[in-house]
Amino acid sequence: MSYGEFVNVQCTISGGDLPVNITWTLNNKPFEDYLEILTTKRGKRINELTIEAVSAKHAGNYSCIAENRAGVANHTAELKVNG
(Lines give C-alpha, C1' and ligand atoms only; values in the text may rest on other atoms or scores of the structure.)
Protein backbone atom coordinates (compact mmCIF):
# COMPACT_ATOMS: atom_id res chain seq x y z
CA MET A 1 0.00 0.00 0.00
CA SER A 2 1.30 3.46 -0.82
CA TYR A 3 0.68 6.78 0.92
CA GLY A 4 -2.70 8.27 0.13
CA GLU A 5 -4.30 5.04 -1.13
CA PHE A 6 -7.80 3.92 -0.12
CA VAL A 7 -8.19 0.78 2.04
CA ASN A 8 -11.37 -1.20 2.69
CA VAL A 9 -11.39 -4.50 4.59
CA GLN A 10 -14.45 -6.59 5.35
CA CYS A 11 -14.85 -8.85 8.38
CA THR A 12 -17.54 -11.48 7.71
CA ILE A 13 -18.80 -13.91 10.33
CA SER A 14 -19.95 -17.00 8.44
CA GLY A 15 -21.49 -18.94 11.33
CA GLY A 16 -22.29 -18.94 15.00
CA ASP A 17 -25.10 -17.70 17.19
CA LEU A 18 -26.45 -14.18 17.04
CA PRO A 19 -26.09 -11.60 18.34
CA VAL A 20 -22.40 -11.18 17.58
CA ASN A 21 -20.34 -8.13 18.50
CA ILE A 22 -17.55 -7.24 16.04
CA THR A 23 -14.71 -4.93 17.07
CA TRP A 24 -11.36 -3.96 15.52
CA THR A 25 -7.92 -3.33 16.97
CA LEU A 26 -4.64 -1.99 15.59
CA ASN A 27 -1.58 -3.70 17.10
CA ASN A 28 -3.83 -5.13 19.84
CA LYS A 29 -5.13 -1.70 20.90
CA PRO A 30 -8.40 0.11 20.17
CA PHE A 31 -7.93 2.90 17.64
CA GLU A 32 -10.42 5.57 18.70
CA ASP A 33 -7.63 8.16 18.35
CA TYR A 34 -7.54 7.69 14.57
CA LEU A 35 -10.48 9.71 13.30
CA GLU A 36 -9.72 8.78 9.70
CA ILE A 37 -10.30 5.03 10.36
CA LEU A 38 -13.99 4.28 9.96
CA THR A 39 -15.76 1.06 10.90
CA THR A 40 -19.23 0.35 9.56
CA LYS A 41 -21.71 -2.36 10.48
CA ARG A 42 -23.23 -4.05 7.39
CA GLY A 43 -25.96 -6.29 8.72
CA LYS A 44 -25.70 -8.75 11.59
CA ARG A 45 -22.52 -10.55 10.50
CA ILE A 46 -20.42 -8.07 8.51
CA ASN A 47 -18.30 -5.11 9.58
CA GLU A 48 -16.07 -3.01 7.32
CA LEU A 49 -12.94 -1.02 8.12
CA THR A 50 -12.13 1.90 5.80
CA ILE A 51 -9.15 4.25 5.60
CA GLU A 52 -9.63 7.01 3.03
CA ALA A 53 -5.94 7.94 2.69
CA VAL A 54 -3.28 5.63 4.16
CA SER A 55 -0.24 7.09 5.91
CA ALA A 56 2.66 5.63 7.90
CA LYS A 57 0.72 5.74 11.18
CA HIS A 58 -1.80 3.25 9.73
CA ALA A 59 0.80 0.49 9.28
CA GLY A 60 0.45 -2.50 11.58
CA ASN A 61 -1.65 -5.52 12.46
CA TYR A 62 -5.41 -5.09 12.21
CA SER A 63 -7.58 -7.59 14.05
CA CYS A 64 -11.27 -8.26 13.62
CA ILE A 65 -12.69 -9.72 16.83
CA ALA A 66 -16.08 -11.43 16.89
CA GLU A 67 -17.70 -12.24 20.22
CA ASN A 68 -20.97 -13.91 21.19
CA ARG A 69 -22.29 -16.00 24.09
CA ALA A 70 -20.33 -19.03 22.90
CA GLY A 71 -16.93 -17.34 22.80
CA VAL A 72 -14.49 -15.20 20.85
CA ALA A 73 -12.85 -15.58 17.43
CA ASN A 74 -10.44 -13.25 15.67
CA HIS A 75 -8.45 -12.79 12.51
CA THR A 76 -5.43 -10.54 12.02
CA ALA A 77 -3.91 -9.09 8.85
CA GLU A 78 -0.91 -6.81 8.43
CA LEU A 79 -1.10 -3.52 6.56
CA LYS A 80 2.27 -2.47 5.17
CA VAL A 81 2.64 1.13 4.00
CA ASN A 82 5.33 2.04 1.47
CA GLY A 83 6.75 5.55 1.51
# chains A, B, ... in the order shown; residues from 1 in each chain; ligands from 1
$ select_by_dssp --residues "chain A" --states "strand (DSSP E or B)" --output "PyMOL selection string"
chain A and resi 2+7-12+21-26+29+37-41+46-51+60-68+71-79+82
$ residues_around --residues "segment 7-20 of chain A" --least-positions-apart "2" --cutoff "10 Å" --atoms "only C-alpha atoms" --output "PDB file with N, CA, C and O atoms, in the first residue's frame"
ATOM      1  N   MET A   1       0.844  -1.159   0.000  1.00  0.00           N
ATOM      2  CA  MET A   1       0.000   0.000   0.000  1.00  0.00           C
ATOM      3  C   MET A   1       0.895   1.230   0.000  1.00  0.00           C
ATOM      4  O   MET A   1       1.887   1.264   0.702  1.00  0.00           O
ATOM      5  N   GLY A   4      -1.562   7.650   0.774  1.00  0.00           N
ATOM      6  CA  GLY A   4      -2.704   8.269   0.125  1.00  0.00           C
ATOM      7  C   GLY A   4      -3.696   7.301  -0.485  1.00  0.00           C
ATOM      8  O   GLY A   4      -4.774   7.712  -0.898  1.00  0.00           O
ATOM      9  N   GLU A   5      -3.372   6.008  -0.540  1.00  0.00           N
ATOM     10  CA  GLU A   5      -4.297   5.040  -1.133  1.00  0.00           C
ATOM     11  C   GLU A   5      -5.476   4.752  -0.215  1.00  0.00           C
ATOM     12  O   GLU A   5      -5.404   4.913   1.001  1.00  0.00           O
ATOM     13  N   ILE A  22     -18.795  -7.279  16.817  1.00  0.00           N
ATOM     14  CA  ILE A  22     -17.555  -7.236  16.044  1.00  0.00           C
ATOM     15  C   ILE A  22     -16.809  -5.944  16.380  1.00  0.00           C
ATOM     16  O   ILE A  22     -17.376  -4.861  16.288  1.00  0.00           O
ATOM     17  N   THR A  23     -15.554  -6.091  16.777  1.00  0.00           N
ATOM     18  CA  THR A  23     -14.712  -4.935  17.066  1.00  0.00           C
ATOM     19  C   THR A  23     -13.388  -5.077  16.310  1.00  0.00           C
ATOM     20  O   THR A  23     -13.044  -6.157  15.839  1.00  0.00           O
ATOM     21  N   TRP A  24     -12.651  -3.983  16.209  1.00  0.00           N
ATOM     22  CA  TRP A  24     -11.364  -3.956  15.521  1.00  0.00           C
ATOM     23  C   TRP A  24     -10.297  -3.416  16.456  1.00  0.00           C
ATOM     24  O   TRP A  24     -10.573  -2.575  17.308  1.00  0.00           O
ATOM     25  N   ILE A  37      -9.957   6.447  10.505  1.00  0.00           N
ATOM     26  CA  ILE A  37     -10.300   5.034  10.365  1.00  0.00           C
ATOM     27  C   ILE A  37     -11.769   4.886  10.731  1.00  0.00           C
ATOM     28  O   ILE A  37     -12.184   5.209  11.836  1.00  0.00           O
ATOM     29  N   LEU A  38     -12.551   4.407   9.776  1.00  0.00           N
ATOM     30  CA  LEU A  38     -13.991   4.285   9.961  1.00  0.00           C
ATOM     31  C   LEU A  38     -14.383   2.815   9.959  1.00  0.00           C
ATOM     32  O   LEU A  38     -13.941   2.052   9.089  1.00  0.00           O
ATOM     33  N   THR A  39     -15.195   2.398  10.923  1.00  0.00           N
ATOM     34  CA  THR A  39     -15.759   1.055  10.904  1.00  0.00           C
ATOM     35  C   THR A  39     -17.269   1.178  10.727  1.00  0.00           C
ATOM     36  O   THR A  39     -17.906   2.049  11.321  1.00  0.00           O
ATOM     37  N   THR A  40     -17.812   0.290   9.905  1.00  0.00           N
ATOM     38  CA  THR A  40     -19.225   0.354   9.556  1.00  0.00           C
ATOM     39  C   THR A  40     -19.860  -1.021   9.656  1.00  0.00           C
ATOM     40  O   THR A  40     -19.350  -1.977   9.062  1.00  0.00           O
ATOM     41  N   LYS A  41     -20.955  -1.112  10.377  1.00  0.00           N
ATOM     42  CA  LYS A  41     -21.707  -2.358  10.485  1.00  0.00           C
ATOM     43  C   LYS A  41     -22.550  -2.533   9.226  1.00  0.00           C
ATOM     44  O   LYS A  41     -23.247  -1.614   8.804  1.00  0.00           O
ATOM     45  N   ARG A  42     -22.469  -3.719   8.608  1.00  0.00           N
ATOM     46  CA  ARG A  42     -23.229  -4.049   7.394  1.00  0.00           C
ATOM     47  C   ARG A  42     -24.059  -5.292   7.657  1.00  0.00           C
ATOM     48  O   ARG A  42     -23.697  -6.388   7.270  1.00  0.00           O
ATOM     49  N   GLY A  43     -25.138  -5.142   8.361  1.00  0.00           N
ATOM     50  CA  GLY A  43     -25.960  -6.292   8.716  1.00  0.00           C
ATOM     51  C   GLY A  43     -25.514  -6.900  10.035  1.00  0.00           C
ATOM     52  O   GLY A  43     -24.752  -6.298  10.790  1.00  0.00           O
ATOM     53  N   LYS A  44     -25.966  -8.115  10.302  1.00  0.00           N
ATOM     54  CA  LYS A  44     -25.703  -8.750  11.591  1.00  0.00           C
ATOM     55  C   LYS A  44     -24.362  -9.453  11.668  1.00  0.00           C
ATOM     56  O   LYS A  44     -23.879  -9.749  12.754  1.00  0.00           O
ATOM     57  N   ARG A  45     -23.741  -9.744  10.505  1.00  0.00           N
ATOM     58  CA  ARG A  45     -22.517 -10.550  10.504  1.00  0.00           C
ATOM     59  C   ARG A  45     -21.349  -9.927   9.750  1.00  0.00           C
ATOM     60  O   ARG A  45     -20.326 -10.570   9.562  1.00  0.00           O
ATOM     61  N   ILE A  46     -21.474  -8.695   9.303  1.00  0.00           N
ATOM     62  CA  ILE A  46     -20.424  -8.068   8.509  1.00  0.00           C
ATOM     63  C   ILE A  46     -20.075  -6.699   9.084  1.00  0.00           C
ATOM     64  O   ILE A  46     -20.959  -5.918   9.446  1.00  0.00           O
ATOM     65  N   ASN A  47     -18.775  -6.411   9.148  1.00  0.00           N
ATOM     66  CA  ASN A  47     -18.296  -5.110   9.575  1.00  0.00           C
ATOM     67  C   ASN A  47     -17.142  -4.733   8.666  1.00  0.00           C
ATOM     68  O   ASN A  47     -16.299  -5.560   8.357  1.00  0.00           O
ATOM     69  N   GLU A  48     -17.114  -3.483   8.225  1.00  0.00           N
ATOM     70  CA  GLU A  48     -16.071  -3.006   7.324  1.00  0.00           C
ATOM     71  C   GLU A  48     -15.186  -1.978   8.018  1.00  0.00           C
ATOM     72  O   GLU A  48     -15.653  -1.180   8.814  1.00  0.00           O
ATOM     73  N   LEU A  49     -13.904  -2.015   7.666  1.00  0.00           N
ATOM     74  CA  LEU A  49     -12.945  -1.022   8.117  1.00  0.00           C
ATOM     75  C   LEU A  49     -12.476  -0.263   6.887  1.00  0.00           C
ATOM     76  O   LEU A  49     -12.105  -0.878   5.884  1.00  0.00           O
ATOM     77  N   THR A  50     -12.513   1.067   6.943  1.00  0.00           N
ATOM     78  CA  THR A  50     -12.132   1.899   5.804  1.00  0.00           C
ATOM     79  C   THR A  50     -11.146   2.972   6.247  1.00  0.00           C
ATOM     80  O   THR A  50     -11.336   3.616   7.282  1.00  0.00           O
ATOM     81  N   ILE A  51     -10.095   3.145   5.433  1.00  0.00           N
ATOM     82  CA  ILE A  51      -9.153   4.251   5.605  1.00  0.00           C
ATOM     83  C   ILE A  51      -9.130   4.987   4.275  1.00  0.00           C
ATOM     84  O   ILE A  51      -8.780   4.403   3.246  1.00  0.00           O
ATOM     85  N   GLU A  52      -9.530   6.229   4.272  1.00  0.00           N
ATOM     86  CA  GLU A  52      -9.631   7.006   3.031  1.00  0.00           C
ATOM     87  C   GLU A  52      -8.274   7.291   2.396  1.00  0.00           C
ATOM     88  O   GLU A  52      -8.140   7.247   1.184  1.00  0.00           O
ATOM     89  N   ALA A  53      -7.267   7.618   3.208  1.00  0.00           N
ATOM     90  CA  ALA A  53      -5.937   7.938   2.695  1.00  0.00           C
ATOM     91  C   ALA A  53      -4.894   7.394   3.665  1.00  0.00           C
ATOM     92  O   ALA A  53      -4.675   7.955   4.740  1.00  0.00           O
ATOM     93  N   VAL A  54      -4.244   6.310   3.297  1.00  0.00           N
ATOM     94  CA  VAL A  54      -3.284   5.631   4.157  1.00  0.00           C
ATOM     95  C   VAL A  54      -2.031   6.480   4.365  1.00  0.00           C
ATOM     96  O   VAL A  54      -1.558   7.138   3.436  1.00  0.00           O
ATOM     97  N   TYR A  62      -3.996  -5.346  11.959  1.00  0.00           N
ATOM     98  CA  TYR A  62      -5.410  -5.089  12.211  1.00  0.00           C
ATOM     99  C   TYR A  62      -6.097  -6.400  12.546  1.00  0.00           C
ATOM    100  O   TYR A  62      -5.938  -7.387  11.830  1.00  0.00           O
ATOM    101  N   SER A  63      -6.850  -6.397  13.643  1.00  0.00           N
ATOM    102  CA  SER A  63      -7.583  -7.592  14.051  1.00  0.00           C
ATOM    103  C   SER A  63      -9.067  -7.319  14.084  1.00  0.00           C
ATOM    104  O   SER A  63      -9.513  -6.290  14.600  1.00  0.00           O
ATOM    105  N   CYS A  64      -9.812  -8.246  13.526  1.00  0.00           N
ATOM    106  CA  CYS A  64     -11.267  -8.259  13.615  1.00  0.00           C
ATOM    107  C   CYS A  64     -11.611  -9.278  14.693  1.00  0.00           C
ATOM    108  O   CYS A  64     -11.189 -10.434  14.614  1.00  0.00           O
ATOM    109  N   ILE A  65     -12.366  -8.856  15.697  1.00  0.00           N
ATOM    110  CA  ILE A  65     -12.691  -9.719  16.829  1.00  0.00           C
ATOM    111  C   ILE A  65     -14.202  -9.871  16.898  1.00  0.00           C
ATOM    112  O   ILE A  65     -14.930  -8.883  16.980  1.00  0.00           O
ATOM    113  N   ALA A  66     -14.652 -11.119  16.826  1.00  0.00           N
ATOM    114  CA  ALA A  66     -16.080 -11.428  16.890  1.00  0.00           C
ATOM    115  C   ALA A  66     -16.366 -12.149  18.208  1.00  0.00           C
ATOM    116  O   ALA A  66     -15.679 -13.113  18.553  1.00  0.00           O
ATOM    117  N   GLU A  67     -17.381 -11.670  18.917  1.00  0.00           N
ATOM    118  CA  GLU A  67     -17.703 -12.244  20.218  1.00  0.00           C
ATOM    119  C   GLU A  67     -19.202 -12.447  20.351  1.00  0.00           C
ATOM    120  O   GLU A  67     -20.005 -11.573  20.005  1.00  0.00           O
ATOM    121  N   ASN A  68     -19.578 -13.638  20.843  1.00  0.00           N
ATOM    122  CA  ASN A  68     -20.974 -13.913  21.186  1.00  0.00           C
ATOM    123  C   ASN A  68     -20.992 -14.732  22.479  1.00  0.00           C
ATOM    124  O   ASN A  68     -19.959 -14.926  23.114  1.00  0.00           O
ATOM    125  N   ARG A  69     -22.165 -15.245  22.840  1.00  0.00           N
ATOM    126  CA  ARG A  69     -22.286 -15.997  24.095  1.00  0.00           C
ATOM    127  C   ARG A  69     -21.385 -17.222  24.125  1.00  0.00           C
ATOM    128  O   ARG A  69     -20.958 -17.657  25.184  1.00  0.00           O
ATOM    129  N   ALA A  70     -21.111 -17.798  22.965  1.00  0.00           N
ATOM    130  CA  ALA A  70     -20.325 -19.026  22.900  1.00  0.00           C
ATOM    131  C   ALA A  70     -18.825 -18.792  23.018  1.00  0.00           C
ATOM    132  O   ALA A  70     -18.072 -19.708  23.347  1.00  0.00           O
ATOM    133  N   GLY A  71     -18.361 -17.585  22.711  1.00  0.00           N
ATOM    134  CA  GLY A  71     -16.934 -17.338  22.801  1.00  0.00           C
ATOM    135  C   GLY A  71     -16.453 -16.219  21.902  1.00  0.00           C
ATOM    136  O   GLY A  71     -17.230 -15.379  21.458  1.00  0.00           O
ATOM    137  N   VAL A  72     -15.145 -16.255  21.605  1.00  0.00           N
ATOM    138  CA  VAL A  72     -14.487 -15.197  20.847  1.00  0.00           C
ATOM    139  C   VAL A  72     -13.663 -15.828  19.728  1.00  0.00           C
ATOM    140  O   VAL A  72     -13.010 -16.849  19.922  1.00  0.00           O
ATOM    141  N   ALA A  73     -13.704 -15.189  18.555  1.00  0.00           N
ATOM    142  CA  ALA A  73     -12.847 -15.581  17.433  1.00  0.00           C
ATOM    143  C   ALA A  73     -12.251 -14.315  16.847  1.00  0.00           C
ATOM    144  O   ALA A  73     -12.862 -13.252  16.912  1.00  0.00           O
ATOM    145  N   ASN A  74     -11.043 -14.431  16.275  1.00  0.00           N
ATOM    146  CA  ASN A  74     -10.444 -13.251  15.671  1.00  0.00           C
ATOM    147  C   ASN A  74      -9.598 -13.633  14.467  1.00  0.00           C
ATOM    148  O   ASN A  74      -9.201 -14.787  14.306  1.00  0.00           O
ATOM    149  N   HIS A  75      -9.340 -12.639  13.657  1.00  0.00           N
ATOM    150  CA  HIS A  75      -8.450 -12.791  12.507  1.00  0.00           C
ATOM    151  C   HIS A  75      -7.628 -11.511  12.400  1.00  0.00           C
ATOM    152  O   HIS A  75      -8.155 -10.415  12.574  1.00  0.00           O
ATOM    153  N   ALA A  77      -4.625  -9.290  10.103  1.00  0.00           N
ATOM    154  CA  ALA A  77      -3.914  -9.087   8.845  1.00  0.00           C
ATOM    155  C   ALA A  77      -3.025  -7.861   8.993  1.00  0.00           C
ATOM    156  O   ALA A  77      -3.386  -6.888   9.661  1.00  0.00           O
ATOM    157  N   LEU A  79      -1.093  -4.567   7.578  1.00  0.00           N
ATOM    158  CA  LEU A  79      -1.099  -3.516   6.565  1.00  0.00           C
ATOM    159  C   LEU A  79       0.303  -2.914   6.521  1.00  0.00           C
ATOM    160  O   LEU A  79       0.777  -2.362   7.512  1.00  0.00           O
TER     161      LEU A  79
END
$ residues_around --residues "Ala56 of chain A" --least-positions-apart "5" --cutoff "10 Å" --atoms "only C-alpha atoms" --output "list of chain:residue names"
A:Ser2, A:Tyr3, A:Gly4, A:Leu79, A:Lys80, A:Val81, A:Asn82, A:Gly83
